[in-house]
>>> print(open('structure.cif').read())   # mmCIF, C-alpha atoms and all ligand atoms
data_query
#
loop_
_atom_site.label_atom_id
_atom_site.label_comp_id
_atom_site.auth_asym_id
_atom_site.auth_seq_id
_atom_site.Cartn_x
_atom_site.Cartn_y
_atom_site.Cartn_z
CA MET A 1 3.58 2.90 -24.95
CA THR A 2 1.40 4.50 -22.32
CA LYS A 3 3.33 4.70 -19.08
CA LEU A 4 1.62 5.31 -15.81
CA SER A 5 3.32 7.78 -13.56
CA VAL A 6 3.80 7.19 -9.87
CA VAL A 7 1.77 8.68 -7.07
CA GLN A 8 3.97 11.23 -5.38
CA ASP A 9 4.71 11.30 -1.67
CA THR A 10 2.84 14.52 -1.15
CA TRP A 11 -0.89 14.81 -1.51
CA VAL A 12 -2.79 18.04 -1.02
CA PRO A 13 -6.51 17.56 -0.38
CA LEU A 14 -9.03 19.90 -1.97
CA PRO A 15 -10.93 22.12 0.50
CA GLU A 16 -14.06 19.95 0.26
CA GLN A 17 -11.96 16.83 0.86
CA GLU A 18 -10.41 18.48 3.90
CA ALA A 19 -13.86 19.08 5.35
CA THR A 20 -14.78 15.46 4.88
CA ILE A 21 -11.52 14.27 6.36
CA GLU A 22 -12.01 16.49 9.40
CA GLU A 23 -15.56 15.25 9.95
CA ARG A 24 -14.57 11.61 9.66
CA LEU A 25 -11.58 12.11 11.92
CA ASN A 26 -13.64 13.92 14.56
CA GLU A 27 -16.04 11.03 14.56
CA ILE A 28 -13.17 8.61 15.23
CA LEU A 29 -11.59 10.79 17.91
CA SER A 30 -14.91 11.25 19.72
CA SER A 31 -14.64 7.69 21.02
CA TYR A 32 -11.22 8.36 22.61
CA GLN A 33 -10.19 10.39 25.63
CA GLY A 34 -6.93 11.91 24.43
CA ARG A 35 -4.50 9.66 26.33
CA ASP A 36 -1.19 8.96 24.61
CA ASP A 37 -1.67 5.18 25.04
CA GLU A 38 -4.55 5.53 22.58
CA LEU A 39 -2.16 6.45 19.78
CA ILE A 40 -1.88 3.04 18.08
CA PRO A 41 -5.62 2.21 18.21
CA ILE A 42 -6.41 5.66 16.78
CA MET A 43 -3.86 5.23 14.01
CA GLN A 44 -5.23 1.78 13.20
CA GLN A 45 -8.78 3.09 13.03
CA VAL A 46 -7.75 6.07 10.89
CA GLN A 47 -5.83 3.82 8.53
CA GLN A 48 -8.84 1.51 8.27
CA GLN A 49 -11.06 4.50 7.50
CA PHE A 50 -8.83 6.36 5.01
CA GLY A 51 -6.59 3.53 3.76
CA TYR A 52 -3.53 5.50 4.90
CA LEU A 53 -2.57 8.30 7.27
CA PRO A 54 -3.01 11.68 5.55
CA GLU A 55 -0.64 14.36 6.84
CA PRO A 56 -3.40 16.73 8.07
CA VAL A 57 -4.85 13.81 10.02
CA ILE A 58 -1.51 13.05 11.66
CA LYS A 59 -1.25 16.67 12.78
CA GLN A 60 -4.73 16.57 14.24
CA ILE A 61 -4.10 13.31 16.08
CA ALA A 62 -0.94 14.90 17.51
CA ARG A 63 -2.94 17.87 18.78
CA PHE A 64 -5.61 15.59 20.22
CA LEU A 65 -3.05 13.51 22.14
CA HIS A 66 -0.78 16.47 22.99
CA LEU A 67 2.12 14.77 21.24
CA PRO A 68 4.61 16.24 18.76
CA ASP A 69 3.81 15.49 15.09
CA ILE A 70 7.17 13.78 14.78
CA THR A 71 6.11 11.12 17.31
CA ILE A 72 3.19 10.09 15.12
CA PHE A 73 5.35 10.12 11.97
CA GLY A 74 7.94 8.03 13.84
CA VAL A 75 5.37 5.39 14.79
CA ALA A 76 3.88 5.44 11.28
CA THR A 77 7.25 4.78 9.66
CA PHE A 78 8.32 2.16 12.23
CA TYR A 79 5.35 -0.16 11.75
CA ALA A 80 4.88 -1.62 8.27
CA GLN A 81 1.09 -1.75 8.79
CA PHE A 82 0.88 2.05 8.56
CA LYS A 83 1.00 3.88 5.23
CA LEU A 84 1.78 7.56 4.76
CA VAL A 85 0.73 7.62 1.12
CA PRO A 86 -2.44 6.27 -0.48
CA THR A 87 -2.20 2.65 -1.56
CA GLY A 88 -3.77 1.11 -4.63
CA ARG A 89 -7.12 -0.65 -4.69
CA ASN A 90 -5.17 -3.84 -5.41
CA ILE A 91 -2.00 -4.66 -3.50
CA ILE A 92 0.49 -6.99 -5.15
CA ARG A 93 3.12 -8.51 -2.89
CA VAL A 94 6.04 -10.41 -4.35
CA CYS A 95 8.20 -12.73 -2.28
CA ARG A 96 11.90 -11.95 -2.27
CA GLY A 97 12.86 -14.92 -0.04
CA THR A 98 15.61 -17.39 -0.93
CA ALA A 99 13.43 -20.14 -2.42
CA CYS A 100 11.55 -17.69 -4.59
CA HIS A 101 14.82 -16.02 -5.58
CA VAL A 102 16.30 -19.34 -6.67
CA ARG A 103 13.21 -20.07 -8.75
CA GLY A 104 13.37 -16.80 -10.63
CA VAL A 105 11.14 -14.37 -8.78
CA ALA A 106 13.28 -11.54 -10.14
CA ARG A 107 11.73 -12.13 -13.58
CA ILE A 108 8.23 -11.99 -12.05
CA LEU A 109 9.00 -8.74 -10.30
CA GLN A 110 10.52 -7.28 -13.46
CA GLU A 111 7.43 -8.23 -15.46
CA LEU A 112 5.20 -6.56 -12.86
CA GLU A 113 7.38 -3.45 -12.91
CA ASN A 114 7.17 -3.36 -16.71
CA GLN A 115 3.41 -3.89 -16.80
CA LEU A 116 2.55 -1.48 -14.01
CA GLY A 117 5.27 1.11 -14.57
CA VAL A 118 6.13 1.22 -10.87
CA LYS A 119 8.84 -0.10 -8.56
CA PRO A 120 8.28 -1.89 -5.23
CA GLY A 121 6.90 0.56 -2.66
CA GLU A 122 5.10 2.58 -5.33
CA THR A 123 1.50 2.94 -6.48
CA THR A 124 0.23 3.47 -10.01
CA ALA A 125 -1.10 6.95 -10.74
CA ASP A 126 -4.62 5.60 -11.18
CA ARG A 127 -4.29 4.03 -7.71
CA GLU A 128 -5.26 0.68 -9.15
CA TYR A 129 -2.15 -1.17 -7.94
CA SER A 130 0.49 -0.93 -5.22
CA LEU A 131 3.57 -3.11 -5.60
CA GLU A 132 5.36 -4.42 -2.52
CA THR A 133 7.91 -7.08 -1.67
CA VAL A 134 7.84 -9.43 1.31
CA ALA A 135 10.71 -11.38 2.92
CA CYS A 136 9.00 -14.81 2.81
CA PHE A 137 5.36 -15.89 2.78
CA GLY A 138 6.24 -19.21 4.44
CA ALA A 139 4.92 -21.23 1.50
CA CYS A 140 8.26 -21.83 -0.20
CA ALA A 141 7.10 -25.08 -1.88
CA LEU A 142 4.93 -22.89 -4.13
CA SER A 143 7.75 -20.56 -5.09
CA PRO A 144 7.99 -18.24 -6.85
CA ILE A 145 5.01 -16.59 -5.21
CA MET A 146 3.06 -13.41 -5.64
CA VAL A 147 0.01 -12.43 -3.61
CA LEU A 148 -2.70 -10.22 -5.04
CA ASP A 149 -5.12 -8.88 -2.44
CA ASP A 150 -4.47 -11.83 -0.12
CA LYS A 151 -4.92 -14.42 -2.88
CA VAL A 152 -1.77 -16.51 -3.22
CA HIS A 153 -0.49 -17.24 -6.74
CA GLY A 154 2.20 -19.93 -6.65
CA LYS A 155 4.66 -21.22 -9.23
CA MET A 156 4.46 -17.89 -10.97
CA THR A 157 5.57 -17.27 -14.52
CA THR A 158 5.73 -14.04 -16.48
CA GLN A 159 2.76 -15.25 -18.57
CA LYS A 160 0.76 -15.73 -15.40
CA VAL A 161 1.53 -12.16 -14.38
CA ARG A 162 -0.21 -10.86 -17.48
CA SER A 163 -3.23 -13.14 -17.15
CA ILE A 164 -3.66 -12.28 -13.47
CA LEU A 165 -3.51 -8.57 -14.24
CA ASP A 166 -6.00 -9.16 -17.08
CA ALA A 167 -8.32 -10.88 -14.64
CA THR A 168 -8.39 -7.82 -12.40
CA GLY A 169 -9.95 -5.97 -15.30
CA SER A 170 -7.60 -3.09 -15.96
CA SER A 171 -4.58 -4.63 -17.60
CA SER A 172 -5.60 -3.18 -20.95
CA GLU A 173 -4.92 0.30 -19.56
CA LEU A 174 -1.49 -0.65 -18.32
CA LYS A 175 0.51 -1.04 -21.45
CA ASP A 176 0.07 -0.63 -25.17
CA GLY A 177 0.93 -3.56 -27.40
S1 LIG B 1 10.94 -17.82 -0.09
FE1 LIG B 1 9.13 -17.24 -1.09
S2 LIG B 1 7.58 -18.14 0.11
FE2 LIG B 1 9.40 -18.58 1.17
#
>>> encode(input="structure.cif", output="structure tokens")
Amino acid sequence: MTKLSVVQDTWVPLPEQEATIEERLNEILSSYQGRDDELIPIMQQVQQQFGYLPEPVIKQIARFLHLPDITIFGVATFYAQFKLVPTGRNIIRVCRGTACHVRGVARILQELENQLGVKPGETTADREYSLETVACFGACALSPIMVLDDKVHGKMTTQKVRSILDATGSSSELKDG
């Protein structure tokens, strides 16, 4: 069985990538004045641009705002909207609320973990999928629920997991057999 490994927490950009990152970041920062109340909007814009907050970028934002790096890391880890590691092109969110739990969401999550080779909070090595859990989507009548890239899939079964992954076009690379 081909198992995908997990993207590690540390990512070292190549020199040419660093140059691109710096250029794109400078472009973002050029529309700000360097006030510390600009921190969240800058982080949001950077996340939108890069898909996450690369460490070199965090350090540069800190210098720009005259804040310690740890302040930026603290904000990034406090708010769920910010990511410190790259996320997958497809984000799968599984509900772990009570109604979904009662209706067997654990089996859905287990099937996803088996198919993707990752645990919640992780991303496949090919960066195709990130797997996350959510407290409750507020659509309990459809439980158990999983959401793939903002599309809600209700009354999930393990068979549906496979067909949904197939429909994204890369399931064949996920698992042999
Ligand atoms: S418990 Fe899953 S949507 Fe509410």
>>> residues_near_ligand(input="structure.cif", ligand="ligand LIG 1 (chain B)", cutoff="9 Å", atoms="all atoms listed in the file", output="ChimeraX atom specification")
/A:94-102,105,134-146,154
>>> closest_residue(input="structure.cif", among="A:Val57, A:Arg35, A:Gln45, A:Pro86", to="A:Thr20", atoms="all atoms listed in the file")
A:Val57
>>> residues_around(input="structure.cif", residues="stretch 70-76 of chain A", least_positions_apart="4", cutoff="12 Å", atoms="only C-alpha atoms", output="count of residues only")
31
>>> atom_distance(input="structure.cif", atom1="atom CA of A:Leu67", atom2="atom CA of A:Phe50")
21.3 Å
>>> atom_distance(input="structure.cif", atom1="atom CA of A:Arg127", atom2="atom CA of A:Thr158")
22.4 Å
>>> closest_residue(input="structure.cif", among="A:Leu131, A:Leu148, A:Ile21, A:Ile164", to="A:Leu109", atoms="all atoms listed in the file")
A:Leu131
>>> atom_distance(input="structure.cif", atom1="atom CA of A:Thr133", atom2="atom CA of A:Gly121")
7.8 Å
>>> build_atoms(input="structure.cif", residues="stretch 125-158 of chain A", atoms="N, CA and C atoms", output="CSV table (one decimal), in the coordinates of the input")
chain,number,residue,atom,x,y,z
A,125,ALA,N,-0.4,5.6,-10.8
A,125,ALA,CA,-1.1,7.0,-10.7
A,125,ALA,C,-2.6,6.8,-10.7
A,126,ASP,N,-3.2,5.8,-11.3
A,126,ASP,CA,-4.6,5.6,-11.2
A,126,ASP,C,-5.0,4.9,-9.9
A,127,ARG,N,-4.1,4.7,-9.0
A,127,ARG,CA,-4.3,4.0,-7.7
A,127,ARG,C,-4.9,2.7,-7.8
A,128,GLU,N,-4.7,2.0,-9.0
A,128,GLU,CA,-5.3,0.7,-9.2
A,128,GLU,C,-4.4,-0.4,-8.4
A,129,TYR,N,-3.1,-0.2,-8.5
A,129,TYR,CA,-2.2,-1.2,-7.9
A,129,TYR,C,-1.1,-0.5,-7.1
A,130,SER,N,-0.7,-1.2,-6.0
A,130,SER,CA,0.5,-0.9,-5.2
A,130,SER,C,1.3,-2.2,-5.3
A,131,LEU,N,2.6,-2.0,-5.5
A,131,LEU,CA,3.6,-3.1,-5.6
A,131,LEU,C,4.5,-3.1,-4.4
A,132,GLU,N,4.5,-4.3,-3.7
A,132,GLU,CA,5.4,-4.4,-2.5
A,132,GLU,C,6.1,-5.7,-2.6
A,133,THR,N,7.2,-5.8,-1.8
A,133,THR,CA,7.9,-7.1,-1.7
A,133,THR,C,7.9,-7.5,-0.2
A,134,VAL,N,8.0,-8.8,0.0
A,134,VAL,CA,7.8,-9.4,1.3
A,134,VAL,C,9.0,-10.4,1.5
A,135,ALA,N,9.5,-10.5,2.7
A,135,ALA,CA,10.7,-11.4,2.9
A,135,ALA,C,10.4,-12.9,2.6
A,136,CYS,N,9.4,-13.4,3.1
A,136,CYS,CA,9.0,-14.8,2.8
A,136,CYS,C,7.6,-15.0,3.3
A,137,PHE,N,6.8,-15.6,2.4
A,137,PHE,CA,5.4,-15.9,2.8
A,137,PHE,C,5.2,-17.2,3.6
A,138,GLY,N,6.3,-18.0,3.7
A,138,GLY,CA,6.2,-19.2,4.4
A,138,GLY,C,5.6,-20.3,3.7
A,139,ALA,N,5.5,-20.2,2.4
A,139,ALA,CA,4.9,-21.2,1.5
A,139,ALA,C,5.9,-21.5,0.4
A,140,CYS,N,7.2,-21.8,0.8
A,140,CYS,CA,8.3,-21.8,-0.2
A,140,CYS,C,8.1,-22.9,-1.2
A,141,ALA,N,7.3,-24.0,-0.9
A,141,ALA,CA,7.1,-25.1,-1.9
A,141,ALA,C,6.4,-24.6,-3.1
A,142,LEU,N,5.7,-23.5,-3.0
A,142,LEU,CA,4.9,-22.9,-4.1
A,142,LEU,C,5.7,-21.8,-4.9
A,143,SER,N,7.0,-21.7,-4.5
A,143,SER,CA,7.8,-20.6,-5.1
A,143,SER,C,7.9,-20.7,-6.6
A,144,PRO,N,8.1,-19.6,-7.3
A,144,PRO,CA,8.0,-18.2,-6.8
A,144,PRO,C,6.5,-17.8,-6.6
A,145,ILE,N,6.4,-17.0,-5.6
A,145,ILE,CA,5.0,-16.6,-5.2
A,145,ILE,C,4.8,-15.1,-5.4
A,146,MET,N,3.5,-14.8,-5.8
A,146,MET,CA,3.1,-13.4,-5.6
A,146,MET,C,1.7,-13.5,-5.0
A,147,VAL,N,1.3,-12.5,-4.3
A,147,VAL,CA,0.0,-12.4,-3.6
A,147,VAL,C,-0.7,-11.2,-4.1
A,148,LEU,N,-1.9,-11.4,-4.6
A,148,LEU,CA,-2.7,-10.2,-5.0
A,148,LEU,C,-3.9,-10.1,-4.1
A,149,ASP,N,-4.0,-9.1,-3.4
A,149,ASP,CA,-5.1,-8.9,-2.4
A,149,ASP,C,-5.4,-10.1,-1.6
A,150,ASP,N,-4.4,-10.7,-1.0
A,150,ASP,CA,-4.5,-11.8,-0.1
A,150,ASP,C,-4.7,-13.2,-0.8
A,151,LYS,N,-4.8,-13.1,-2.1
A,151,LYS,CA,-4.9,-14.4,-2.9
A,151,LYS,C,-3.5,-14.8,-3.3
A,152,VAL,N,-3.1,-16.0,-2.9
A,152,VAL,CA,-1.8,-16.5,-3.2
A,152,VAL,C,-1.7,-17.1,-4.6
A,153,HIS,N,-0.7,-16.7,-5.4
A,153,HIS,CA,-0.5,-17.2,-6.7
A,153,HIS,C,0.9,-17.9,-6.7
A,154,GLY,N,0.9,-19.2,-6.7
A,154,GLY,CA,2.2,-19.9,-6.6
A,154,GLY,C,2.7,-20.3,-8.0
A,155,LYS,N,4.0,-20.8,-8.0
A,155,LYS,CA,4.7,-21.2,-9.2
A,155,LYS,C,4.4,-20.2,-10.4
A,156,MET,N,4.7,-19.0,-10.0
A,156,MET,CA,4.5,-17.9,-11.0
A,156,MET,C,5.4,-17.9,-12.2
A,157,THR,N,4.8,-17.5,-13.3
A,157,THR,CA,5.6,-17.3,-14.5
A,157,THR,C,5.2,-15.9,-15.0
A,158,THR,N,6.0,-15.4,-16.0
A,158,THR,CA,5.7,-14.0,-16.5
A,158,THR,C,4.4,-14.0,-17.2
